[in-house]
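File shown here: model.cif, holding mmCIF, C-alpha atoms.
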```
data_model
loop_
_atom_site.group_PDB
_atom_site.id
_atom_site.type_symbol
_atom_site.label_atom_id
_atom_site.label_comp_id
_atom_site.auth_asym_id
_atom_site.auth_seq_id
_atom_site.Cartn_x
_atom_site.Cartn_y
_atom_site.Cartn_z
ATOM 1 C CA MET A 1 42.137 201.240 -68.391
ATOM 2 C CA TRP A 2 43.907 202.971 -65.509
ATOM 3 C CA PRO A 3 45.900 200.595 -63.211
ATOM 4 C CA GLN A 4 44.202 200.299 -59.806
ATOM 5 C CA THR A 5 47.560 200.320 -58.005
ATOM 6 C CA ILE A 6 48.305 203.890 -59.161
ATOM 7 C CA LYS A 7 46.483 206.874 -57.672
ATOM 8 C CA TYR A 8 45.735 209.332 -60.484
ATOM 9 C CA LEU A 9 46.989 212.863 -59.821
ATOM 10 C CA LYS A 10 46.026 215.796 -62.051
ATOM 11 C CA GLN A 11 48.773 217.910 -60.512
ATOM 12 C CA PRO A 12 51.885 217.299 -58.429
ATOM 13 C CA VAL A 13 51.366 217.369 -54.653
ATOM 14 C CA PHE A 14 53.786 217.882 -51.799
ATOM 15 C CA GLU A 15 54.583 215.026 -49.430
ATOM 16 C CA ASN A 16 53.834 217.307 -46.476
ATOM 17 C CA GLU A 17 53.491 220.963 -45.497
ATOM 18 C CA LYS A 18 57.110 221.250 -44.329
ATOM 19 C CA ILE A 19 58.419 220.189 -47.745
ATOM 20 C CA LYS A 20 55.941 222.478 -49.489
ATOM 21 C CA GLN A 21 57.177 225.498 -47.523
ATOM 22 C CA ALA A 22 60.853 224.582 -48.077
ATOM 23 C CA VAL A 23 60.338 224.135 -51.831
ATOM 24 C CA LEU A 24 58.358 227.373 -52.200
ATOM 25 C CA LYS A 25 61.041 229.262 -50.250
ATOM 26 C CA GLN A 26 63.747 227.772 -52.470
ATOM 27 C CA ASN A 27 61.731 228.660 -55.593
ATOM 28 C CA GLN A 28 61.413 232.285 -54.471
ATOM 29 C CA LYS A 29 65.156 232.456 -53.810
ATOM 30 C CA MET A 30 65.910 230.986 -57.229
ATOM 31 C CA LYS A 31 63.547 233.455 -58.911
ATOM 32 C CA LYS A 32 65.328 236.383 -57.231
ATOM 33 C CA LYS A 33 68.624 235.009 -58.585
ATOM 34 C CA HIS A 34 67.068 234.912 -62.077
ATOM 35 C CA PHE A 35 67.506 231.127 -62.174
ATOM 36 C CA PHE A 36 64.286 230.861 -64.195
ATOM 37 C CA SER A 37 64.735 232.163 -67.724
ATOM 38 C CA GLU A 38 62.250 234.467 -69.419
ATOM 39 C CA GLU A 39 61.215 231.453 -71.494
ATOM 40 C CA LYS A 40 60.351 229.413 -68.349
ATOM 41 C CA LEU A 41 58.328 232.336 -66.989
ATOM 42 C CA PHE A 42 56.571 232.870 -70.333
ATOM 43 C CA LEU A 43 55.732 229.189 -70.819
ATOM 44 C CA GLY A 44 54.301 229.014 -67.290
ATOM 45 C CA GLN A 45 51.885 231.803 -68.192
ATOM 46 C CA TYR A 46 51.250 230.509 -71.718
ATOM 47 C CA PHE A 47 50.182 227.062 -70.457
ATOM 48 C CA CYS A 48 48.461 228.351 -67.277
ATOM 49 C CA ARG A 49 45.036 226.916 -68.240
ATOM 50 C CA GLU A 50 46.465 223.436 -68.747
ATOM 51 C CA ILE A 51 48.519 223.643 -65.538
ATOM 52 C CA GLU A 52 45.658 224.951 -63.372
ATOM 53 C CA LYS A 53 43.124 222.409 -64.593
ATOM 54 C CA GLY A 54 45.542 219.472 -64.676
ATOM 55 C CA LEU A 55 44.719 218.826 -68.308
ATOM 56 C CA SER A 56 46.199 216.190 -70.575
ATOM 57 C CA ARG A 57 45.611 215.470 -74.232
ATOM 58 C CA LYS A 58 43.405 212.520 -75.151
ATOM 59 C CA LEU A 59 45.720 209.619 -74.340
ATOM 60 C CA ALA A 60 45.506 205.852 -73.823
ATOM 61 C CA LEU A 61 47.586 203.280 -71.991
ATOM 62 C CA LYS A 62 48.373 200.216 -74.077
ATOM 63 C CA PRO A 63 50.744 197.282 -73.709
ATOM 64 C CA VAL A 64 53.985 197.754 -75.657
ATOM 65 C CA SER A 65 55.802 194.487 -74.923
ATOM 66 C CA SER A 66 56.487 192.053 -72.088
ATOM 67 C CA VAL A 67 59.830 193.801 -71.478
ATOM 68 C CA ILE A 68 58.635 197.407 -71.620
ATOM 69 C CA GLY A 69 55.130 197.026 -70.205
ATOM 70 C CA LEU A 70 52.656 199.818 -70.842
ATOM 71 C CA GLY A 71 53.096 202.865 -73.030
ATOM 72 C CA VAL A 72 51.126 206.027 -73.719
ATOM 73 C CA PHE A 73 49.498 206.527 -77.113
ATOM 74 C CA ALA A 74 47.853 209.565 -78.710
ATOM 75 C CA LEU A 75 44.094 209.337 -79.295
ATOM 76 C CA GLU A 76 44.140 212.618 -81.209
ATOM 77 C CA LYS A 77 46.554 214.472 -83.455
ATOM 78 C CA ILE A 78 48.954 216.600 -81.434
ATOM 79 C CA ALA A 79 50.574 219.587 -83.102
ATOM 80 C CA HIS A 80 54.259 220.454 -82.787
ATOM 81 C CA ASN A 81 55.002 222.567 -79.637
ATOM 82 C CA SER A 82 51.636 221.676 -78.067
ATOM 83 C CA PHE A 83 51.149 220.905 -74.387
ATOM 84 C CA VAL A 84 50.650 217.159 -73.899
ATOM 85 C CA THR A 85 50.660 216.630 -70.119
ATOM 86 C CA GLU A 86 52.400 217.583 -66.894
ATOM 87 C CA PHE A 87 54.640 215.175 -64.988
ATOM 88 C CA THR A 88 52.809 214.629 -61.696
ATOM 89 C CA GLY A 89 53.595 212.766 -58.508
ATOM 90 C CA ILE A 90 54.590 213.420 -54.917
ATOM 91 C CA ILE A 91 57.215 216.143 -54.407
ATOM 92 C CA ARG A 92 59.607 214.895 -51.717
ATOM 93 C CA LYS A 93 63.220 215.183 -50.621
ATOM 94 C CA ARG A 94 65.587 213.457 -52.994
ATOM 95 C CA ARG A 95 67.008 210.406 -51.241
ATOM 96 C CA TRP A 96 69.623 208.057 -52.664
ATOM 97 C CA ARG A 97 67.479 205.025 -51.777
ATOM 98 C CA LEU A 98 64.640 206.397 -53.886
ATOM 99 C CA VAL A 99 66.895 207.257 -56.809
ATOM 100 C CA ARG A 100 68.464 203.794 -56.931
ATOM 101 C CA HIS A 101 65.278 201.737 -56.709
ATOM 102 C CA ASN A 102 62.443 203.834 -58.113
ATOM 103 C CA MET A 103 62.138 204.085 -61.893
ATOM 104 C CA TYR A 104 59.373 206.720 -61.739
ATOM 105 C CA LEU A 105 61.294 209.731 -60.405
ATOM 106 C CA MET A 106 62.020 213.059 -61.984
ATOM 107 C CA ARG A 107 64.325 215.620 -60.397
ATOM 108 C CA TYR A 108 62.450 218.722 -59.259
ATOM 109 C CA PRO A 109 64.455 221.407 -61.114
ATOM 110 C CA ASN A 110 64.911 224.171 -58.543
ATOM 111 C CA ALA A 111 68.207 223.556 -56.715
ATOM 112 C CA GLU A 112 71.733 224.775 -57.115
ATOM 113 C CA PRO A 113 74.630 222.459 -56.240
ATOM 114 C CA GLY A 114 74.914 221.995 -52.479
ATOM 115 C CA GLU A 115 71.281 222.853 -51.765
ATOM 116 C CA GLU A 116 68.575 220.457 -50.662
ATOM 117 C CA SER A 117 67.181 218.779 -53.758
ATOM 118 C CA TYR A 118 63.736 217.362 -54.366
ATOM 119 C CA THR A 119 62.149 214.881 -56.704
ATOM 120 C CA ILE A 120 58.729 214.206 -58.182
ATOM 121 C CA ASP A 121 57.907 210.603 -57.307
ATOM 122 C CA ALA A 122 55.318 209.000 -59.597
ATOM 123 C CA GLU A 123 55.819 205.389 -58.502
ATOM 124 C CA LYS A 124 52.418 205.077 -56.781
ATOM 125 C CA ASP A 125 50.812 208.440 -57.535
ATOM 126 C CA GLY A 126 50.859 210.176 -60.912
ATOM 127 C CA ASN A 127 49.221 210.503 -64.296
ATOM 128 C CA PHE A 128 49.838 209.267 -67.849
ATOM 129 C CA SER A 129 53.308 210.827 -67.834
ATOM 130 C CA ARG A 130 54.687 208.066 -65.579
ATOM 131 C CA PHE A 131 54.069 205.566 -68.409
ATOM 132 C CA ILE A 132 55.794 207.551 -71.161
ATOM 133 C CA ASN A 133 58.675 205.425 -72.401
ATOM 134 C CA HIS A 134 62.234 206.441 -73.273
ATOM 135 C CA SER A 135 63.517 206.987 -76.785
ATOM 136 C CA PHE A 136 66.701 208.433 -78.251
ATOM 137 C CA ASP A 137 64.419 209.825 -80.990
ATOM 138 C CA PRO A 138 61.582 211.194 -78.824
ATOM 139 C CA ASN A 139 58.449 213.025 -79.891
ATOM 140 C CA LEU A 140 58.124 214.859 -76.532
ATOM 141 C CA ASP A 141 60.374 217.330 -74.777
ATOM 142 C CA ILE A 142 60.576 217.666 -70.982
ATOM 143 C CA VAL A 143 60.337 221.369 -70.138
ATOM 144 C CA SER A 144 60.382 222.965 -66.697
ATOM 145 C CA VAL A 145 58.370 226.168 -66.328
ATOM 146 C CA TYR A 146 57.726 228.580 -63.482
ATOM 147 C CA TYR A 147 54.115 229.264 -62.580
ATOM 148 C CA GLN A 148 52.650 230.786 -59.404
ATOM 149 C CA GLU A 149 55.726 230.244 -57.221
ATOM 150 C CA GLN A 150 56.176 226.654 -58.382
ATOM 151 C CA VAL A 151 58.305 224.843 -60.905
ATOM 152 C CA ARG A 152 56.156 222.616 -63.072
ATOM 153 C CA VAL A 153 57.468 219.926 -65.420
ATOM 154 C CA LEU A 154 55.595 219.799 -68.729
ATOM 155 C CA LEU A 155 55.813 217.471 -71.701
ATOM 156 C CA LEU A 156 55.521 219.307 -75.008
ATOM 157 C CA ALA A 157 55.360 217.893 -78.533
ATOM 158 C CA LEU A 158 58.691 218.089 -80.377
ATOM 159 C CA LYS A 159 56.930 217.394 -83.668
ATOM 160 C CA ASP A 160 53.474 216.604 -85.004
ATOM 161 C CA ILE A 161 52.188 213.382 -83.424
ATOM 162 C CA GLU A 162 49.681 211.189 -85.243
ATOM 163 C CA ILE A 163 46.712 209.309 -83.762
ATOM 164 C CA GLY A 164 47.907 205.943 -82.447
ATOM 165 C CA GLU A 165 51.552 207.020 -82.147
ATOM 166 C CA GLN A 166 53.374 206.128 -78.935
ATOM 167 C CA LEU A 167 54.561 209.100 -76.882
ATOM 168 C CA THR A 168 58.229 209.026 -75.886
ATOM 169 C CA CYS A 169 60.801 211.301 -74.273
ATOM 170 C CA ASN A 170 64.528 211.067 -73.662
ATOM 171 C CA TYR A 171 65.069 210.239 -69.977
ATOM 172 C CA GLY A 172 68.641 211.561 -70.078
ATOM 173 C CA ASP A 173 71.910 210.010 -68.956
ATOM 174 C CA ASP A 174 71.326 210.660 -65.241
ATOM 175 C CA TYR A 175 68.325 208.339 -65.272
ATOM 176 C CA TRP A 176 70.273 205.343 -66.549
ATOM 177 C CA HIS A 177 73.316 205.927 -64.318
ATOM 178 C CA GLY A 178 71.218 206.267 -61.158
ATOM 179 C CA LEU A 179 69.446 202.926 -61.298
ATOM 180 C CA ALA A 180 70.675 200.082 -59.080
ATOM 181 C CA LYS A 181 69.394 197.458 -61.498
ATOM 182 C CA LYS A 182 71.279 196.806 -64.712
ATOM 183 C CA VAL A 183 68.669 198.474 -66.891
ATOM 184 C CA ARG A 184 69.633 199.671 -70.321
ATOM 185 C CA PRO A 185 67.696 201.840 -72.725
ATOM 186 C CA LEU A 186 66.135 199.982 -75.624
#
```
Encoded form using structure tokens:
Amino acid sequence: MWPQTIKYLKQPVFENEKIKQAVLKQNQKMKKKHFFSEEKLFLGQYFCREIEKGLSRKLALKPVSSVIGLGVFALEKIAHNSFVTEFTGIIRKRRWRLVRHNMYLMRYPNAEPGEESYTIDAEKDGNFSRFINHSFDPNLDIVSVYYQEQVRVLLLALKDIEIGEQLTCNYGDDYWHGLAKKVRPL
């Protein structure tokens, strides 16, 4: 059952029109600088149907433990290298306050050092991806792709995933260092 406190988003949305225009301008600049590899461009086209329709595999939210909370579980077999879901939320300016106190952020991967940076905030708006738990031995990979002037963050299967298996990804060191609370990976 989907939590009533979370607005379900099939795709990421911009906080406002000003941010949308700034991000799209930055994306175009980065594309001209060949910041996006051929692989990112290819994968954006390869998974265009899933991106456009906001598709996800058949997934379920289930309690994991009192410490972890909910997790995401496969309701169907998922083949290695398959699209699982897209990380969705509100694209907004990256602010230190958000980074320190919000555990549902992902950096929007389109900035060079010194440029304005953005984040995808899934704290109150998102999809199943916001409930995917961390693991040092994950079965999902976080992959940024470029599609129709936007960077999109996809979760792809690192290996075959069985029905009933919990989906996990490695949050990376930046996630753990940025939190204000003394949270440690399990």
Practice prompt. List the residues sitting within 10 Å of (48.1, 222.3, -69.2) in the file's frame, using only C-alpha atoms, as a list in words.
Written response: Lys10, Gln11, Gly44, Tyr46, Phe47, Cys48, Arg49, Glu50, Ile51, Glu52, Lys53, Gly54, Leu55, Ser56, Arg57, Ser82, Phe83, Val84, Thr85, Glu86, Leu154, Leu155 and Leu156 of chain A
**Asked** Expressed in Å to a single decimal, how great is the separation between CA of Gly71 in chain A and CA of Thr119 in chain A?
**Response**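 Distance between the two atoms: 22.2 Å.
Considering all atoms listed in the file, the residue among A:Asn110, A:Gly164, A:Arg95, A:Glu39 positioned nearest to Leu59 in chain A is A:Gly164.
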| Closest to Trp2 in chain A among A:Ile161, A:Val72, A:Cys169, A:Val153, using all atoms listed in the file? |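 So, comparing all the options, the nearest one is A:Val72.
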Can you turn the PyMOL selection byres ((chain A and resi 87) around 10) into a concrete residue list for this file, as number ranges by chain? A: 9-12, 84-86, 88-89, 105-106, 120-122, 126-130, 132, 142-144, 152-155
For those residues, write C-alpha atoms to a file as a PDB file, in the coordinates of the input.
```
ATOM      1  CA  LEU A   9      46.989 212.863 -59.821  1.00  0.00           C
ATOM      2  CA  LYS A  10      46.026 215.796 -62.051  1.00  0.00           C
ATOM      3  CA  GLN A  11      48.773 217.910 -60.512  1.00  0.00           C
ATOM      4  CA  PRO A  12      51.885 217.299 -58.429  1.00  0.00           C
ATOM      5  CA  VAL A  84      50.650 217.159 -73.899  1.00  0.00           C
ATOM      6  CA  THR A  85      50.660 216.630 -70.119  1.00  0.00           C
ATOM      7  CA  GLU A  86      52.400 217.583 -66.894  1.00  0.00           C
ATOM      8  CA  THR A  88      52.809 214.629 -61.696  1.00  0.00           C
ATOM      9  CA  GLY A  89      53.595 212.766 -58.508  1.00  0.00           C
ATOM     10  CA  LEU A 105      61.294 209.731 -60.405  1.00  0.00           C
ATOM     11  CA  MET A 106      62.020 213.059 -61.984  1.00  0.00           C
ATOM     12  CA  ILE A 120      58.729 214.206 -58.182  1.00  0.00           C
ATOM     13  CA  ASP A 121      57.907 210.603 -57.307  1.00  0.00           C
ATOM     14  CA  ALA A 122      55.318 209.000 -59.597  1.00  0.00           C
ATOM     15  CA  GLY A 126      50.859 210.176 -60.912  1.00  0.00           C
ATOM     16  CA  ASN A 127      49.221 210.503 -64.296  1.00  0.00           C
ATOM     17  CA  PHE A 128      49.838 209.267 -67.849  1.00  0.00           C
ATOM     18  CA  SER A 129      53.308 210.827 -67.834  1.00  0.00           C
ATOM     19  CA  ARG A 130      54.687 208.066 -65.579  1.00  0.00           C
ATOM     20  CA  ILE A 132      55.794 207.551 -71.161  1.00  0.00           C
ATOM     21  CA  ILE A 142      60.576 217.666 -70.982  1.00  0.00           C
ATOM     22  CA  VAL A 143      60.337 221.369 -70.138  1.00  0.00           C
ATOM     23  CA  SER A 144      60.382 222.965 -66.697  1.00  0.00           C
ATOM     24  CA  ARG A 152      56.156 222.616 -63.072  1.00  0.00           C
ATOM     25  CA  VAL A 153      57.468 219.926 -65.420  1.00  0.00           C
ATOM     26  CA  LEU A 154      55.595 219.799 -68.729  1.00  0.00           C
ATOM     27  CA  LEU A 155      55.813 217.471 -71.701  1.00  0.00           C
TER      28      LEU A 155
END
```
>> My list of candidates is A:Leu140, A:Val13, A:Val145, A:Val151. Which is closest to Asn81 in chain A when distances are computed with only C-alpha atoms?
In response: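 With only C-alpha atoms as the atom set, the closest residue is A:Leu140.
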Where's the centre, and what are the edge lengths in Å to one decimal, of a box along x, y and z enclosing all listed atoms of range 124-127 of chain A padded 8 Å per side, as AutoDock Vina command-line options?
```
--center_x 50.8 --center_y 207.8 --center_z -60.5 --size_x 19.2 --size_y 21.4 --size_z 23.5
```
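When CA of His34 in chain A is paired with CA of Arg92 in chain A, their separation reads 23.7 Å.
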note - CA of Phe136 in chain A and CA of Ser37 in chain A are separated by 26.0 Å
Across A:Phe35, A:Phe14, A:Phe42, A:Asp160, the smallest distance to Tyr147 in chain A, with all atoms listed in the file counted, is shown by A:Phe42
Practice problem: Could you expand the PyMOL selection byres ((chain A and resi 167) around 6) into the explicit residues it covers here, written as a ChimeraX atom specification? | Solution: /A:72-73,166,168
Output of the above residues as a PDB file, in the frame of the given file, restricted to C-alpha atoms:
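Writing the result to part_26.pdb gives the following:
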```
ATOM      1  CA  VAL A  72      51.126 206.027 -73.719  1.00  0.00           C
ATOM      2  CA  PHE A  73      49.498 206.527 -77.113  1.00  0.00           C
ATOM      3  CA  GLN A 166      53.374 206.128 -78.935  1.00  0.00           C
ATOM      4  CA  THR A 168      58.229 209.026 -75.886  1.00  0.00           C
TER       5      THR A 168
END
```
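Of the listed residues A:Lys40, A:Arg94, A:His134, A:His80, the one whose atoms come nearest to Ile19 in chain A is A:Arg94, with distances taken using all atoms listed in the file.
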Just add all heavy atoms to range 2-13 of chain A and send it as an mmCIF file, in the coordinates of the input.
```
data_model
loop_
_atom_site.group_PDB
_atom_site.id
_atom_site.type_symbol
_atom_site.label_atom_id
_atom_site.label_comp_id
_atom_site.auth_asym_id
_atom_site.auth_seq_id
_atom_site.Cartn_x
_atom_site.Cartn_y
_atom_site.Cartn_z
ATOM 1 N N TRP A 2 42.922 202.469 -66.465
ATOM 2 C CA TRP A 2 43.907 202.971 -65.509
ATOM 3 C C TRP A 2 44.224 201.893 -64.471
ATOM 4 O O TRP A 2 43.314 201.313 -63.880
ATOM 5 C CB TRP A 2 43.373 204.222 -64.822
ATOM 6 C CG TRP A 2 44.414 204.891 -64.006
ATOM 7 C CD1 TRP A 2 44.531 204.854 -62.656
ATOM 8 C CD2 TRP A 2 45.516 205.641 -64.486
ATOM 9 N NE1 TRP A 2 45.639 205.553 -62.258
ATOM 10 C CE2 TRP A 2 46.266 206.048 -63.368
ATOM 11 C CE3 TRP A 2 45.955 206.012 -65.740
ATOM 12 C CZ2 TRP A 2 47.429 206.813 -63.464
ATOM 13 C CZ3 TRP A 2 47.106 206.773 -65.844
ATOM 14 C CH2 TRP A 2 47.826 207.167 -64.721
ATOM 15 N N PRO A 3 45.524 201.612 -64.199
ATOM 16 C CA PRO A 3 45.900 200.595 -63.211
ATOM 17 C C PRO A 3 45.404 200.975 -61.807
ATOM 18 O O PRO A 3 45.600 202.096 -61.354
ATOM 19 C CB PRO A 3 47.429 200.590 -63.249
ATOM 20 C CG PRO A 3 47.795 201.263 -64.528
ATOM 21 C CD PRO A 3 46.684 202.201 -64.860
ATOM 22 N N GLN A 4 44.775 200.033 -61.129
ATOM 23 C CA GLN A 4 44.202 200.299 -59.806
ATOM 24 C C GLN A 4 45.268 200.565 -58.750
ATOM 25 O O GLN A 4 44.975 201.145 -57.715
ATOM 26 C CB GLN A 4 43.315 199.143 -59.376
ATOM 27 C CG GLN A 4 42.064 199.029 -60.212
ATOM 28 C CD GLN A 4 41.196 197.878 -59.763
ATOM 29 O OE1 GLN A 4 41.579 197.062 -58.942
ATOM 30 N NE2 GLN A 4 39.988 197.818 -60.309
ATOM 31 N N THR A 5 46.495 200.138 -58.988
ATOM 32 C CA THR A 5 47.560 200.320 -58.005
ATOM 33 C C THR A 5 48.161 201.721 -58.037
ATOM 34 O O THR A 5 48.973 202.063 -57.178
ATOM 35 C CB THR A 5 48.693 199.293 -58.234
ATOM 36 O OG1 THR A 5 49.167 199.440 -59.578
ATOM 37 C CG2 THR A 5 48.205 197.886 -57.998
ATOM 38 N N ILE A 6 47.768 202.541 -59.006
ATOM 39 C CA ILE A 6 48.305 203.890 -59.161
ATOM 40 C C ILE A 6 47.195 204.900 -58.891
ATOM 41 O O ILE A 6 46.152 204.870 -59.530
ATOM 42 C CB ILE A 6 48.853 204.139 -60.586
ATOM 43 C CG1 ILE A 6 49.830 203.051 -61.009
ATOM 44 C CG2 ILE A 6 49.463 205.527 -60.704
ATOM 45 C CD1 ILE A 6 51.058 202.937 -60.162
ATOM 46 N N LYS A 7 47.436 205.796 -57.937
ATOM 47 C CA LYS A 7 46.483 206.874 -57.672
ATOM 48 C C LYS A 7 46.692 207.957 -58.722
ATOM 49 O O LYS A 7 47.812 208.456 -58.895
ATOM 50 C CB LYS A 7 46.706 207.438 -56.271
ATOM 51 C CG LYS A 7 45.773 208.579 -55.927
ATOM 52 C CD LYS A 7 46.056 209.097 -54.534
ATOM 53 C CE LYS A 7 45.208 210.321 -54.259
ATOM 54 N NZ LYS A 7 45.613 210.973 -53.013
ATOM 55 N N TYR A 8 45.629 208.328 -59.426
ATOM 56 C CA TYR A 8 45.735 209.332 -60.484
ATOM 57 C C TYR A 8 45.809 210.730 -59.873
ATOM 58 O O TYR A 8 44.972 211.101 -59.064
ATOM 59 C CB TYR A 8 44.540 209.245 -61.437
ATOM 60 C CG TYR A 8 44.717 210.108 -62.653
ATOM 61 C CD1 TYR A 8 45.363 209.622 -63.779
ATOM 62 C CD2 TYR A 8 44.267 211.425 -62.667
ATOM 63 C CE1 TYR A 8 45.555 210.419 -64.898
ATOM 64 C CE2 TYR A 8 44.461 212.232 -63.780
ATOM 65 C CZ TYR A 8 45.104 211.716 -64.891
ATOM 66 O OH TYR A 8 45.302 212.502 -65.990
ATOM 67 N N LEU A 9 46.825 211.485 -60.273
ATOM 68 C CA LEU A 9 46.989 212.863 -59.821
ATOM 69 C C LEU A 9 46.947 213.802 -61.022
ATOM 70 O O LEU A 9 47.727 213.628 -61.961
ATOM 71 C CB LEU A 9 48.333 213.059 -59.115
ATOM 72 C CG LEU A 9 48.578 212.341 -57.804
ATOM 73 C CD1 LEU A 9 49.991 212.636 -57.306
ATOM 74 C CD2 LEU A 9 47.563 212.759 -56.757
ATOM 75 N N LYS A 10 46.071 214.797 -60.985
ATOM 76 C CA LYS A 10 46.026 215.796 -62.051
ATOM 77 C C LYS A 10 47.199 216.752 -61.966
ATOM 78 O O LYS A 10 47.639 217.300 -62.970
ATOM 79 C CB LYS A 10 44.730 216.604 -61.964
ATOM 80 C CG LYS A 10 43.517 215.872 -62.445
ATOM 81 C CD LYS A 10 42.338 216.812 -62.435
ATOM 82 C CE LYS A 10 41.154 216.185 -63.119
ATOM 83 N NZ LYS A 10 40.039 217.129 -63.219
ATOM 84 N N GLN A 11 47.674 216.975 -60.740
ATOM 85 C CA GLN A 11 48.773 217.910 -60.512
ATOM 86 C C GLN A 11 49.722 217.316 -59.480
ATOM 87 O O GLN A 11 49.319 216.476 -58.676
ATOM 88 C CB GLN A 11 48.234 219.245 -60.016
ATOM 89 C CG GLN A 11 47.296 219.892 -61.007
ATOM 90 C CD GLN A 11 46.681 221.162 -60.472
ATOM 91 O OE1 GLN A 11 46.495 221.334 -59.289
ATOM 92 N NE2 GLN A 11 46.351 222.058 -61.388
ATOM 93 N N PRO A 12 50.971 217.778 -59.467
ATOM 94 C CA PRO A 12 51.885 217.299 -58.429
ATOM 95 C C PRO A 12 51.419 217.786 -57.054
ATOM 96 O O PRO A 12 50.806 218.850 -56.948
ATOM 97 C CB PRO A 12 53.234 217.912 -58.807
ATOM 98 C CG PRO A 12 52.947 218.983 -59.785
ATOM 99 C CD PRO A 12 51.600 218.733 -60.375
ATOM 100 N N VAL A 13 51.704 216.991 -56.028
ATOM 101 C CA VAL A 13 51.366 217.369 -54.653
ATOM 102 C C VAL A 13 52.617 217.213 -53.786
ATOM 103 O O VAL A 13 53.504 216.426 -54.101
ATOM 104 C CB VAL A 13 50.201 216.526 -54.078
ATOM 105 C CG1 VAL A 13 48.918 216.756 -54.858
ATOM 106 C CG2 VAL A 13 50.539 215.058 -54.060
#
```
